[in-house]
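Chemist: Got a structure here, written out as C-alpha cells. Questions coming.
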Number of protein chains: 2
Amino acid sequence: MKLLIKLFTISNIVITSLFASETLNLMPVPKSMELASGKFRIDREFKIEILSNHGDDLYAYATRVLRRLDERTGLCFSQDILFPDETVDDALLKIETQSQGQVKLYEDETYHLTITNKDINLTAQTDIGAMRGLETLLQLLDADERGYFFPTLTIEDEPRFPWRGLMIEVARHFHDVNVIKRNIDGMAAVKMNVLHLHLCDDQGFRVESKVFPKLHLISGEGEYFSQEQIKDIIRYAGARGIRIVPEFDVPAHGTSFIAAYPELSSSDKIVTIERGWGVKNPTLNPINDFTYKFLDKLYEEMGSLFPDEYFHIGGDENNGKDWSANKDIQNFMKENNIADNHALQTHFNKKILKILTKHNKKMIGWDEILQPDLPKESVVHSWRGNKYLVEAARKGYQTILSRGYYIDLAKSTTDHYNLHPVPADSNLTEEEQKNILGGEATMWSEFTDSEVVDSRIWPRTAAIAERFWSAVDVTDVDDMYRRLDAISFRLEEHGLNHIKYKEMFMRRLTNNQETKSLKTLVDVIEMLKVYKRHQTFFKGEKYQSHTPLTRVVDLTTPDQVIPRQFIKLVDQYISSDFSPEYEQQVRSQLNIWKKNDPELRSIAKKSPILNEILPMSEKLTTVSEIGIQTLEYIKSEKKPSIFWKRNVLKSLESCKEQVVGTELMIVAPIEKMVKKITE
Amino acid sequence: MKLLIKLFTISNIVITSLFASETLNLMPVPKSMELASGKFRIDREFKIEILSNHGDDLYAYATRVLRRLDERTGLCFSQDILFPDETVDDALLKIETQSQGQVKLYEDETYHLTITNKDINLTAQTDIGAMRGLETLLQLLDADERGYFFPTLTIEDEPRFPWRGLMIEVARHFHDVNVIKRNIDGMAAVKMNVLHLHLCDDQGFRVESKVFPKLHLISGEGEYFSQEQIKDIIRYAGARGIRIVPEFDVPAHGTSFIAAYPELSSSDKIVTIERGWGVKNPTLNPINDFTYKFLDKLYEEMGSLFPDEYFHIGGDENNGKDWSANKDIQNFMKENNIADNHALQTHFNKKILKILTKHNKKMIGWDEILQPDLPKESVVHSWRGNKYLVEAARKGYQTILSRGYYIDLAKSTTDHYNLHPVPADSNLTEEEQKNILGGEATMWSEFTDSEVVDSRIWPRTAAIAERFWSAVDVTDVDDMYRRLDAISFRLEEHGLNHIKYKEMFMRRLTNNQETKSLKTLVDVIEMLKVYKRHQTFFKGEKYQSHTPLTRVVDLTTPDQVIPRQFIKLVDQYISSDFSPEYEQQVRSQLNIWKKNDPELRSIAKKSPILNEILPMSEKLTTVSEIGIQTLEYIKSEKKPSIFWKRNVLKSLESCKEQVVGTELMIVAPIEKMVKKITE
C-alpha cells in the first residue's frame, strides 16, 4: 500500500501547484476570491465581536465557531460566550450585518470576507449570510511551524441557486434527532439551506400527530419524532439558516396512513405496516370526502408545526392498482370525464392544493404531479429525469432537481458533481432557467440505518453542495477530490460518523480480531449501484426492515479511494509505455491483494459472518494473479497466446459478478492491461 | 509492537486454559454455572417465544436481543417483532416469568438459564430477571468454523447487591439524551440497575422546571433536558430494568439555584453561573422560609417527574463561608442552640426530609449528611471514605459506597475491582452489612464532554458492575482483564464511543496526517490521576467550562494496555534472570519508542496543537535510551558505574514529571531494571 500512498502524495503535490492557490480547501468554491500572500495569525487572545444585533442566532453561531476553532487548535481562547450588545475589547474578527434574514426561499446569503495581517472583517446583508461566511473562514484555517493562521484574502460570495437541499428519509429506517442534528451541522458547513424530511411512507409514519394519534402510535411503531423534537429540529436548523421542508407522501406510498386509518383506503383489504421495499398498492381514496377532511386537519396541524412556506405532498409512484380495482372510483371517473389514473391524481392534487393554499402553504410534489391542469403555484420536484425539470421550467413552474443526486444509489462523486441543475442542452431562456430553484441530494433509507447513514451522505453531498452553490464553470474533478478529502475530515467535528464507523464495523465483522485483511478487501469493493442491490436476495429472502445492515456490503462505501487511484496508476503505466517505475507500483499493489485471501479466511473461521464474502476474496486473488501474469508478459516482452487471453478475459468477466451485493472495482484496469498486450 | 501483541496472545492462551472454562466471556460472573461440552447452534430459523405476558417491555427487550444477535451474526433471522400473546412456532428460546417486576430497590433479578443442544430455556421470577438472563445469553455467543453457537450449560444467577449504580454528572459538561441512552444500554449489558443523574451544580441546572422556569432558562444556558426528554429517559431505562435517581444538590453547590433565584441565597452577592471547578461559596439560606417553600414546590414537581422512591439531595461540600458571614444566620444559630454549620445543615436536612416524606420520597444524600440526629429513613451515600459507610451501616442507616469508584479520577480498573462495598475489616454484623445496599461508579464531568465521556466510563465500569453483582470471591484480576476486553468490544454495539473516538481524535490532533507516531506516544501516557489534573494550569489559566477538551491529555484513557503489558514483561525478564527471549521483546519495544520522536515532531510542524506534548515525547526517547543502555550492560555482563546509575536515576525521575496533565507510564519498569543491575 505504501507505494499507492506515495503516488497519492505525488499527485497531491501536482494538484496543489495547479489549483490550491485558487481554491485552497474551500468547498463550495466562492464566487470570487483574491488571495494575498500574508497570514493572519491567531492566538488565545483571538476574539470575535458582532457589531450589529438582529437576534441571538448569530451570536450563538459565532460562539460555536470560536469553540470549533479552539477544539482544532487547542489555543484555549479567553473569550467565552458572545452576548448581544456586549462590547468586546480588541476583537480581531468583526462581523456586521444589515438584518437578521429569514429562513425562507430567496433570502440573501451573500457575504464579504476580508482577512488582512491584522484583522478580519465579515459583512453580510443578513445574519444567514454571515453564517455562510463564518463557515468559509473555518475552512481557511491553516497552520505552519509558527502556529495557526488564516491566509490574507478577500472573498465576495453568493450562491448560484437558492434551493440547496438534502432529503433524508426516516420511514424505511428511522434516524433520530441526534442523526438529524449532526447532519444539519454538516449541511451548514457546506452552505446547504434546505433539509427535506421524508416523514412517512409505506413502512412508517414518523411524526407525532395530536389530531390523528394513530398515525404515530400505530404506524410509528415506537419510532417517530415527537412534536417537541420536531420543534427542536426546526429551531436547530433555523439557527443555522436552514429550512425544514416536510413531506407527507400521498396519495400512494400510503400504507402508513391506511394502516392507522383504514377509512382512507381505496381498497377493502386490511393493511399493516409494510416490511419490504418497492412500489406498493395502498393508496388514499381520491373520491372520498373523508380523505380531504382528514388531510385538511392533518395539513393544518403539520402546517403549523412546520413553519416553512413549502409543503411537500409526495405524489410519486402511484401504480393505480387500487384505484383501477375500485368500482366506485371507476364510476366517479366516468361521471366526471376523468380519463385515467394520472388525471385522477391531478384531480386529487387540485383539491389538496386548495387545502394547502387555505393553510398558507405552497405545494411541492415529485414530478408525477406535472400533469395537464397542474396549478401554476405548485413546485415540481424532478426525480425521474431532466425532461420533467425542463418541461416544468418551460411551462412556468418552479422546479428543483433530484434526478442524478440520488446518493442512496452508491454512485461516484464525479457522477453527481458533473450534473448541473440547469441542463446544458435545455435551451431554456434565461427567464425559464430562473424557475430552476436548485436541487436536493436524496438519502432514501432502504439500506441505511443510523450507523451507516452518515457514510452514505458524506462526503459526496459536499460536492453536490458545491454544485448548487458555486459557479457553473467550477468543474475540475481532481481539485474537487482534493478538497473533498479535507472537508470530509473536518465534517467529523460535528459528530458525523462517516469515517469512524468503519473501524468499529470491522471489529464487529471480525469478531474483534485483526481487521487488516478485511480492510484490504473492503477497500476495493463497493455495494452494487443504482437499484441492483434491491435485486439481490439474502438467504433466499428479499431485504426487509429488520434485515441486519451489518454485513460486508453495508460496510462498503461508494467511490472508494484505492480503486480510483489504481485505475489512474494503470492508465499512467499504459500511457507511459509500461515504464518500470509504474510497473513497480502496480506490482507491489497486486502482491498485497494476491496474498490477502488466506489471512481473511483464517479470520472468518472465528467469524462466520465473513464466510459469504470469501468468494469475493477469491476473485481478488484471481484478478491480482492475472495482473501479475500480465506484468510478466510485459517484462519479458513475450506476447501471450490467444488461449491465455481468452481464458483470462473469461476469468475477469466472472470476477465482475456480484457477491452478496458487492462488486470488485479493480477488474476494469486489469482487463485494460490484458487487452493492451494482446491487441 | 508485534512482539508485545504476540506476548499478549500467548498470555491470553495461558489465561484461557486456566479460567475460561469457568467464566467464559461473562461479566459479571454468575452466581453458579455448570458448563457442559455441547453446542446449541443458531441459524436463521432461531426464534424466541415468551410464554408469559406481564407487559410489553420484555417483548421489546427480546426483540432487541434478536436484532443484536442478527447484527453480530448476519444470519437474517426470519422472526421480526415479538408481540404479546402471539404464538411462535418452533421457538428454540423460551422465556417464562412470574411477574412483570417493578423498577425499584430490592426487586427480584434472579434468573435461571439452561442451554442444551436442542433448546434454550430462560426462567425468572420477574421480567427484569429475564432481561438480566438475556444479557448473559448474548455474552455467551461463540463461533467456530461451522457457525455460531451457545455453549450448553446451566446458570443460576442473582446479584450480590440490590443497588448497582452509575452516576453521571451533567452540570459541568452537559451530556444529551443520546449519550445517556447509550450508557443506559451499556449498564443493562453488565446488569447495573441504577442511573443516578447529578442534575445541577454550580455550573448549571439541567432539567426544565415548569414551576421555576428560570432554573433551566437562566441556569441551563440552553443545555438541559426538557421534561419530555426526562420522561423519555425514564421510560427507556425502565424498559431495561434500570432506575433513575435524580440529584438536586443542596444547600451547597448552589450557584445554579441562586443565579436563577437570588432570594435563595445566604449572601447578598450577585451570583452568575460558575465557569470554574472546585468548592464554591453560594449556599442556600437555611433560615429563610422561602427556601423551604421553594424546595417544597420543586420537590413536588421533580418528585412526580422522577417516579423513583429515592431522591438525592446532595448535601456535600458545604464550606459554610456564606453561612458564617451572614449575621442573621449566626443569630438564628445562637437562638436555636445550633452549635456549628454541620449542625445547621442537619437542621436543614431535617426540614427537607420532612418535605420529601410529604411527597413520598426517601432521602439520599452524600455522607456529610451523616450528622447526629440524621433521621433514620435517610440513605447515606459515602464518598469520603469507608469510615462513613461503616458508621452509617452500624447506626442502622441504609448506605451505598462511591468512595473508590470515582471513575473520573482515571485510576486503574484493578483499583476499583479490588474494592468491595462491604469492607473486609469492617466487623459489621450480618444484619448491619445488609444496610450496605451496594455502590455507584461516579462520572463527574469537569474533564469529560460528550465526545470522551464514554471512554471514561467504559470499560472500567463493567468491572465495577461485576463487583456489585458477583460473589465476594470473584477476584481474579487477570481473568477480569481478559473478559473486560471482550465486553468492551461488545459494548460498541450500543453506539458507545469509547473505542472509536480515538482514531477520530487523533485525526483531529494530527490535522489529518498519519497518526501512528501519536498513537505510539499516547499508548504509554495517561492523564494525571486523582485530583492532580485540577492542579495543572493551561496556558496560565485554570480549566473552565469552555476550555477545549481536544488536547492530547483528553485523548489519553486510564489503565492503558501497553504499559500494563510492558510492566509484566519486564518483571518476567527480571525474574527469568534476564532470559534472552524476554530481552528480545523488551529491546524491540524500546526501539520502537526510541525512534518515535522525530516522526511525531514532523507531524507537529503542521499541527501545532501537538507542540505542547513534545517534551513528553522527548521523555519517552530518554526512557527508552536508558532502557537500551541497561540491556547492553546486562548483555555484556558489565556492571555500570555509580555515576551512570546516579545520572540515569535522576533522568528517570525527571521523566516522571507531568507534561500538560499527562504522565509517562513506563518509567517504573525501566527504573526497576536499572536498580536491579546496580544493586
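Order determines the names: the first chain of the C-alpha cells is A, the second B, and so forth; residues in each chain are numbered 1 upward, and ligands are numbered 1 upward as they are shown.
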Distance limit 6 Å, atoms considered: only C-alpha atoms. Which chain A residues sit that close to chain B? Return them as a PyMOL selection string.

Modeler: chain A and resi 71+73-74+76+143-145+147+547-548+550+605-606+608-609

Chemist: Can I get the selection written as an mmCIF file, in the first residue's frame, with all heavy atoms?

Modeler:
```
data_model
loop_
_atom_site.group_PDB
_atom_site.id
_atom_site.type_symbol
_atom_site.label_atom_id
_atom_site.label_comp_id
_atom_site.auth_asym_id
_atom_site.auth_seq_id
_atom_site.Cartn_x
_atom_site.Cartn_y
_atom_site.Cartn_z
ATOM 1 N N GLU A 71 -11.220 23.943 19.550
ATOM 2 C CA GLU A 71 -11.065 22.488 19.588
ATOM 3 C C GLU A 71 -10.026 22.007 18.574
ATOM 4 O O GLU A 71 -9.322 21.038 18.814
ATOM 5 C CB GLU A 71 -12.418 21.809 19.342
ATOM 6 C CG GLU A 71 -13.296 21.847 20.587
ATOM 7 C CD GLU A 71 -14.761 21.575 20.331
ATOM 8 O OE1 GLU A 71 -15.095 21.116 19.201
ATOM 9 O OE2 GLU A 71 -15.563 21.827 21.224
ATOM 10 N N THR A 73 -7.442 23.911 17.473
ATOM 11 C CA THR A 73 -6.118 24.481 17.718
ATOM 12 C C THR A 73 -5.631 24.269 19.144
ATOM 13 O O THR A 73 -4.429 24.382 19.408
ATOM 14 C CB THR A 73 -6.152 26.007 17.488
ATOM 15 O OG1 THR A 73 -7.076 26.592 18.426
ATOM 16 C CG2 THR A 73 -6.600 26.336 16.077
ATOM 17 N N GLY A 74 -6.568 24.001 20.074
ATOM 18 C CA GLY A 74 -6.186 23.886 21.474
ATOM 19 C C GLY A 74 -5.610 25.175 22.029
ATOM 20 O O GLY A 74 -4.841 25.150 22.991
ATOM 21 N N CYS A 76 -7.189 27.546 23.547
ATOM 22 C CA CYS A 76 -7.868 27.955 24.774
ATOM 23 C C CYS A 76 -8.147 29.454 24.777
ATOM 24 O O CYS A 76 -7.597 30.207 25.579
ATOM 25 C CB CYS A 76 -7.058 27.572 26.003
ATOM 26 S SG CYS A 76 -7.946 27.835 27.527
ATOM 27 N N ALA A 143 -2.041 26.021 9.130
ATOM 28 C CA ALA A 143 -1.014 26.002 10.177
ATOM 29 C C ALA A 143 0.363 25.866 9.569
ATOM 30 O O ALA A 143 0.529 25.273 8.498
ATOM 31 C CB ALA A 143 -1.274 24.846 11.136
ATOM 32 N N ASP A 144 1.334 26.439 10.245
ATOM 33 C CA ASP A 144 2.729 26.191 9.893
ATOM 34 C C ASP A 144 3.491 25.998 11.201
ATOM 35 O O ASP A 144 2.879 25.887 12.267
ATOM 36 C CB ASP A 144 3.294 27.328 9.031
ATOM 37 C CG ASP A 144 3.254 28.670 9.740
ATOM 38 O OD1 ASP A 144 3.098 28.693 10.995
ATOM 39 O OD2 ASP A 144 3.374 29.704 9.062
ATOM 40 N N GLU A 145 4.820 25.988 11.115
ATOM 41 C CA GLU A 145 5.580 25.711 12.331
ATOM 42 C C GLU A 145 5.385 26.761 13.413
ATOM 43 O O GLU A 145 5.554 26.488 14.588
ATOM 44 C CB GLU A 145 7.065 25.578 11.988
ATOM 45 C CG GLU A 145 7.352 24.274 11.269
ATOM 46 C CD GLU A 145 8.831 24.097 10.996
ATOM 47 O OE1 GLU A 145 9.612 24.191 11.954
ATOM 48 O OE2 GLU A 145 9.181 23.874 9.832
ATOM 49 N N GLY A 147 2.534 28.308 14.038
ATOM 50 C CA GLY A 147 1.215 28.237 14.659
ATOM 51 C C GLY A 147 0.095 28.286 13.638
ATOM 52 O O GLY A 147 0.292 28.024 12.451
ATOM 53 N N THR A 547 -33.905 -6.780 8.332
ATOM 54 C CA THR A 547 -32.675 -7.414 7.850
ATOM 55 C C THR A 547 -31.463 -6.658 8.423
ATOM 56 O O THR A 547 -31.399 -5.443 8.315
ATOM 57 C CB THR A 547 -32.618 -7.365 6.311
ATOM 58 O OG1 THR A 547 -33.825 -7.921 5.794
ATOM 59 C CG2 THR A 547 -31.424 -8.133 5.777
ATOM 60 N N PRO A 548 -30.532 -7.377 9.028
ATOM 61 C CA PRO A 548 -29.397 -6.659 9.636
ATOM 62 C C PRO A 548 -28.553 -5.944 8.578
ATOM 63 O O PRO A 548 -28.294 -6.490 7.506
ATOM 64 C CB PRO A 548 -28.590 -7.777 10.317
ATOM 65 C CG PRO A 548 -28.990 -9.030 9.606
ATOM 66 C CD PRO A 548 -30.413 -8.830 9.190
ATOM 67 N N THR A 550 -25.365 -5.069 8.816
ATOM 68 C CA THR A 550 -24.052 -5.156 9.466
ATOM 69 C C THR A 550 -23.119 -6.081 8.715
ATOM 70 O O THR A 550 -22.103 -6.510 9.248
ATOM 71 C CB THR A 550 -24.208 -5.697 10.899
ATOM 72 O OG1 THR A 550 -24.971 -6.913 10.837
ATOM 73 C CG2 THR A 550 -24.909 -4.702 11.793
ATOM 74 N N LYS A 605 -12.788 -17.982 10.125
ATOM 75 C CA LYS A 605 -13.022 -19.215 10.909
ATOM 76 C C LYS A 605 -13.616 -18.909 12.272
ATOM 77 O O LYS A 605 -14.348 -19.715 12.827
ATOM 78 C CB LYS A 605 -11.711 -19.981 11.083
ATOM 79 C CG LYS A 605 -11.324 -20.729 9.834
ATOM 80 C CD LYS A 605 -10.081 -21.544 10.018
ATOM 81 C CE LYS A 605 -9.740 -22.203 8.672
ATOM 82 N NZ LYS A 605 -8.373 -22.726 8.659
ATOM 83 N N LYS A 606 -13.262 -17.780 12.813
ATOM 84 C CA LYS A 606 -13.836 -17.406 14.114
ATOM 85 C C LYS A 606 -14.913 -16.348 13.951
ATOM 86 O O LYS A 606 -15.396 -15.797 14.939
ATOM 87 C CB LYS A 606 -12.737 -16.880 15.039
ATOM 88 C CG LYS A 606 -11.861 -17.987 15.592
ATOM 89 C CD LYS A 606 -10.878 -17.412 16.576
ATOM 90 C CE LYS A 606 -9.982 -18.516 17.139
ATOM 91 N NZ LYS A 606 -8.831 -17.961 17.842
ATOM 92 N N PRO A 608 -17.945 -16.357 11.365
ATOM 93 C CA PRO A 608 -18.625 -16.902 10.183
ATOM 94 C C PRO A 608 -19.416 -15.882 9.369
ATOM 95 O O PRO A 608 -19.738 -16.152 8.212
ATOM 96 C CB PRO A 608 -19.567 -17.957 10.783
ATOM 97 C CG PRO A 608 -18.999 -18.285 12.119
ATOM 98 C CD PRO A 608 -18.320 -17.045 12.601
ATOM 99 N N ILE A 609 -19.711 -14.719 9.917
ATOM 100 C CA ILE A 609 -20.430 -13.707 9.143
ATOM 101 C C ILE A 609 -19.624 -13.321 7.907
ATOM 102 O O ILE A 609 -20.167 -12.819 6.924
ATOM 103 C CB ILE A 609 -20.750 -12.463 10.015
ATOM 104 C CG1 ILE A 609 -21.743 -11.524 9.323
ATOM 105 C CG2 ILE A 609 -19.487 -11.714 10.412
ATOM 106 C CD1 ILE A 609 -22.262 -10.372 10.193
#
```

Chemist: Skip His359 of chain B itself and residues of its chain fewer than 3 positions away, then list as a list in words all residues within 7 Å of it, counting only C-alpha atoms.

Modeler: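 Within the cut-off, the hits are Glu300, Gly303, Ile355 and Leu356 of chain B.
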
Chemist: Any idea what's packed within 12 Å of segment 576-580 of chain A, counting only C-alpha atoms, ignoring anything in its chain fewer than 3 positions away? Could you give it as a list in words?

Modeler: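 Non-adjacent residues within range: Lys568, Leu569, Val570, Asp571, Gln572, Tyr573, Glu583, Gln584, Gln585, Val586, Arg587, Ser588, Thr630, Leu631, Glu632, Tyr633, Ile634, Lys635, Ser636, Glu637, Met673, Lys676 and Ile677 of chain A.
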
Chemist: Just list the residues in segment 476-660 of chain A DSSP gives strand (DSSP E or B) on the backbone, as number ranges by chain.

Modeler: A: 525-527, 538, 541, 659

Chemist: Output as an NGL selection string all residues of segment 220-419 of chain A that backbone DSSP marks as alpha helix (DSSP H).

Modeler: :A and (227-238 or 255-260 or 289-305 or 321-324 or 327-335 or 341-358 or 386-394 or 413-417)

Chemist: Find the residues near Gln330 of chain A: any atom within 12 Å, counting only C-alpha atoms, skip ones fewer than 2 places away on the same chain, and give them as a ChimeraX atom specification.

Modeler: /A:266,285-287,320-328,332-341,344

Chemist: Any chance you could export the current selection's N, CA and C atoms as a short mmCIF file (atom, residue, chain, number, x, y, z; two decimals), in the first residue's frame?

Modeler:
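File produced: again_25.cif:
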```cif
data_model
loop_
_atom_site.label_atom_id
_atom_site.label_comp_id
_atom_site.auth_asym_id
_atom_site.auth_seq_id
_atom_site.Cartn_x
_atom_site.Cartn_y
_atom_site.Cartn_z
N SER A 266 -58.34 3.13 -0.68
CA SER A 266 -59.10 2.91 -1.92
C SER A 266 -59.53 1.45 -2.05
N ASN A 285 -57.94 7.22 -0.94
CA ASN A 285 -59.13 7.26 -1.78
C ASN A 285 -59.42 8.70 -2.23
N PRO A 286 -59.35 8.96 -3.53
CA PRO A 286 -59.48 10.34 -4.02
C PRO A 286 -60.93 10.78 -4.21
N ILE A 287 -61.88 9.87 -3.99
CA ILE A 287 -63.28 10.27 -4.21
C ILE A 287 -64.06 10.30 -2.91
N GLY A 320 -51.66 2.91 -9.27
CA GLY A 320 -53.05 2.98 -9.71
C GLY A 320 -53.84 1.69 -9.54
N LYS A 321 -53.23 0.64 -9.01
CA LYS A 321 -53.92 -0.66 -8.97
C LYS A 321 -55.18 -0.62 -8.11
N ASP A 322 -55.03 0.00 -6.92
CA ASP A 322 -56.20 0.05 -6.03
C ASP A 322 -57.30 0.94 -6.61
N TRP A 323 -56.90 1.93 -7.35
CA TRP A 323 -57.90 2.80 -7.98
C TRP A 323 -58.62 2.05 -9.10
N SER A 324 -57.85 1.35 -9.89
CA SER A 324 -58.46 0.63 -11.02
C SER A 324 -59.38 -0.48 -10.54
N ALA A 325 -59.07 -1.04 -9.38
CA ALA A 325 -59.86 -2.17 -8.89
C ALA A 325 -61.11 -1.72 -8.12
N ASN A 326 -61.24 -0.42 -7.93
CA ASN A 326 -62.35 0.07 -7.12
C ASN A 326 -63.46 0.60 -8.02
N LYS A 327 -64.62 -0.09 -7.98
CA LYS A 327 -65.71 0.27 -8.90
C LYS A 327 -66.22 1.68 -8.69
N ASP A 328 -66.33 2.10 -7.45
CA ASP A 328 -66.81 3.45 -7.17
C ASP A 328 -65.89 4.49 -7.79
N PHE A 332 -66.82 7.10 -10.67
CA PHE A 332 -66.58 8.53 -10.45
C PHE A 332 -65.81 9.13 -11.64
N MET A 333 -64.83 8.38 -12.11
CA MET A 333 -64.02 8.87 -13.22
C MET A 333 -64.88 9.04 -14.47
N LYS A 334 -65.73 8.03 -14.71
CA LYS A 334 -66.61 8.13 -15.88
C LYS A 334 -67.52 9.33 -15.76
N GLU A 335 -68.16 9.44 -14.59
CA GLU A 335 -69.10 10.54 -14.39
C GLU A 335 -68.45 11.90 -14.56
N ASN A 336 -67.19 11.99 -14.19
CA ASN A 336 -66.52 13.30 -14.21
C ASN A 336 -65.55 13.47 -15.37
N ASN A 337 -65.67 12.54 -16.34
CA ASN A 337 -64.80 12.62 -17.51
C ASN A 337 -63.31 12.67 -17.17
N ILE A 338 -62.96 11.84 -16.21
CA ILE A 338 -61.53 11.76 -15.86
C ILE A 338 -60.97 10.57 -16.63
N ALA A 339 -60.01 10.87 -17.50
CA ALA A 339 -59.59 9.89 -18.49
C ALA A 339 -58.84 8.70 -17.91
N ASP A 340 -57.95 8.99 -17.01
CA ASP A 340 -57.14 7.88 -16.49
C ASP A 340 -56.68 8.20 -15.06
N ASN A 341 -55.89 7.29 -14.52
CA ASN A 341 -55.44 7.47 -13.13
C ASN A 341 -54.57 8.71 -12.97
N LEU A 344 -56.83 11.46 -12.63
CA LEU A 344 -57.47 11.38 -11.32
C LEU A 344 -56.53 11.95 -10.24
#
```

Chemist: Give me, as a ChimeraX atom specification, all polymer residues having an atom no more than 8 Å from Thr520 of chain B, counting only C-alpha atoms and skipping those fewer than 4 positions away in the same chain.

Modeler: /B:516,524,593,596

Chemist: So which residues touch Glu599 of chain B within 10 Å, counting only C-alpha atoms, skipping near sequence neighbours fewer than 6 positions away, as a PDB file with N, CA and C atoms, in the first residue's frame?

Modeler:
```pdb
ATOM      1  N   GLU B 514      -0.776  11.255   9.223  1.00  0.00           N
ATOM      2  CA  GLU B 514      -0.560   9.903   9.734  1.00  0.00           C
ATOM      3  C   GLU B 514      -0.546   9.921  11.274  1.00  0.00           C
ATOM      4  N   THR B 515      -1.329   9.013  11.876  1.00  0.00           N
ATOM      5  CA  THR B 515      -1.496   9.073  13.330  1.00  0.00           C
ATOM      6  C   THR B 515      -0.582   8.129  14.117  1.00  0.00           C
ATOM      7  N   LYS B 516       0.228   7.367  13.413  1.00  0.00           N
ATOM      8  CA  LYS B 516       0.974   6.283  14.069  1.00  0.00           C
ATOM      9  C   LYS B 516       1.883   6.767  15.202  1.00  0.00           C
ATOM     10  N   SER B 517       2.655   7.800  14.947  1.00  0.00           N
ATOM     11  CA  SER B 517       3.604   8.237  15.971  1.00  0.00           C
ATOM     12  C   SER B 517       2.883   8.815  17.182  1.00  0.00           C
ATOM     13  N   LEU B 518       1.773   9.471  16.930  1.00  0.00           N
ATOM     14  CA  LEU B 518       0.989   9.990  18.055  1.00  0.00           C
ATOM     15  C   LEU B 518       0.436   8.832  18.872  1.00  0.00           C
TER      16      LEU B 518
END
```

Chemist: What does the distance from atom CA of Phe174 of chain A to atom CA of Ala62 of chain B come to in Å, to one decimal?

Modeler: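 Between atom CA of Phe174 of chain A and atom CA of Ala62 of chain B the gap is 19.8 Å.
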
Chemist: Here is a test: counting only C-alpha atoms, which residue of B:Asp367, B:Glu309, B:Asp202, B:Asp127 is nearest to His253 of chain B?

Modeler: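 Answer, going by the shortest atom-to-atom distance: B:Asp202.
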
Chemist: Determine, counting only C-alpha atoms, which protein, DNA and RNA residues have an atom within 10 Å of an atom of Lys675 of chain B; residues of the same chain fewer than 5 positions away are not included. Present the result as a list in words.

Modeler: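 My list of contacting residues is Thr630, Lys645, Leu649, Pro669 and Ile670 of chain B.
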
Chemist: Which is closer to Asp268 of chain B than all the others in B:Gln139, B:Ser256, B:Thr283, B:Asn435, using only C-alpha atoms?

Modeler: B:Thr283

Chemist: Atom CA of Met187 of chain A and atom CA of Ala465 of chain A, how far apart in Å?

Modeler: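 For atom CA of Ala465 of chain A relative to atom CA of Met187 of chain A, the distance reads 8.2 Å.
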
Chemist: Please report the interatomic distance between atom CA of Asp449 of chain B and atom CA of Gly241 of chain B in Å with one decimal.

Modeler: 26.7 Å
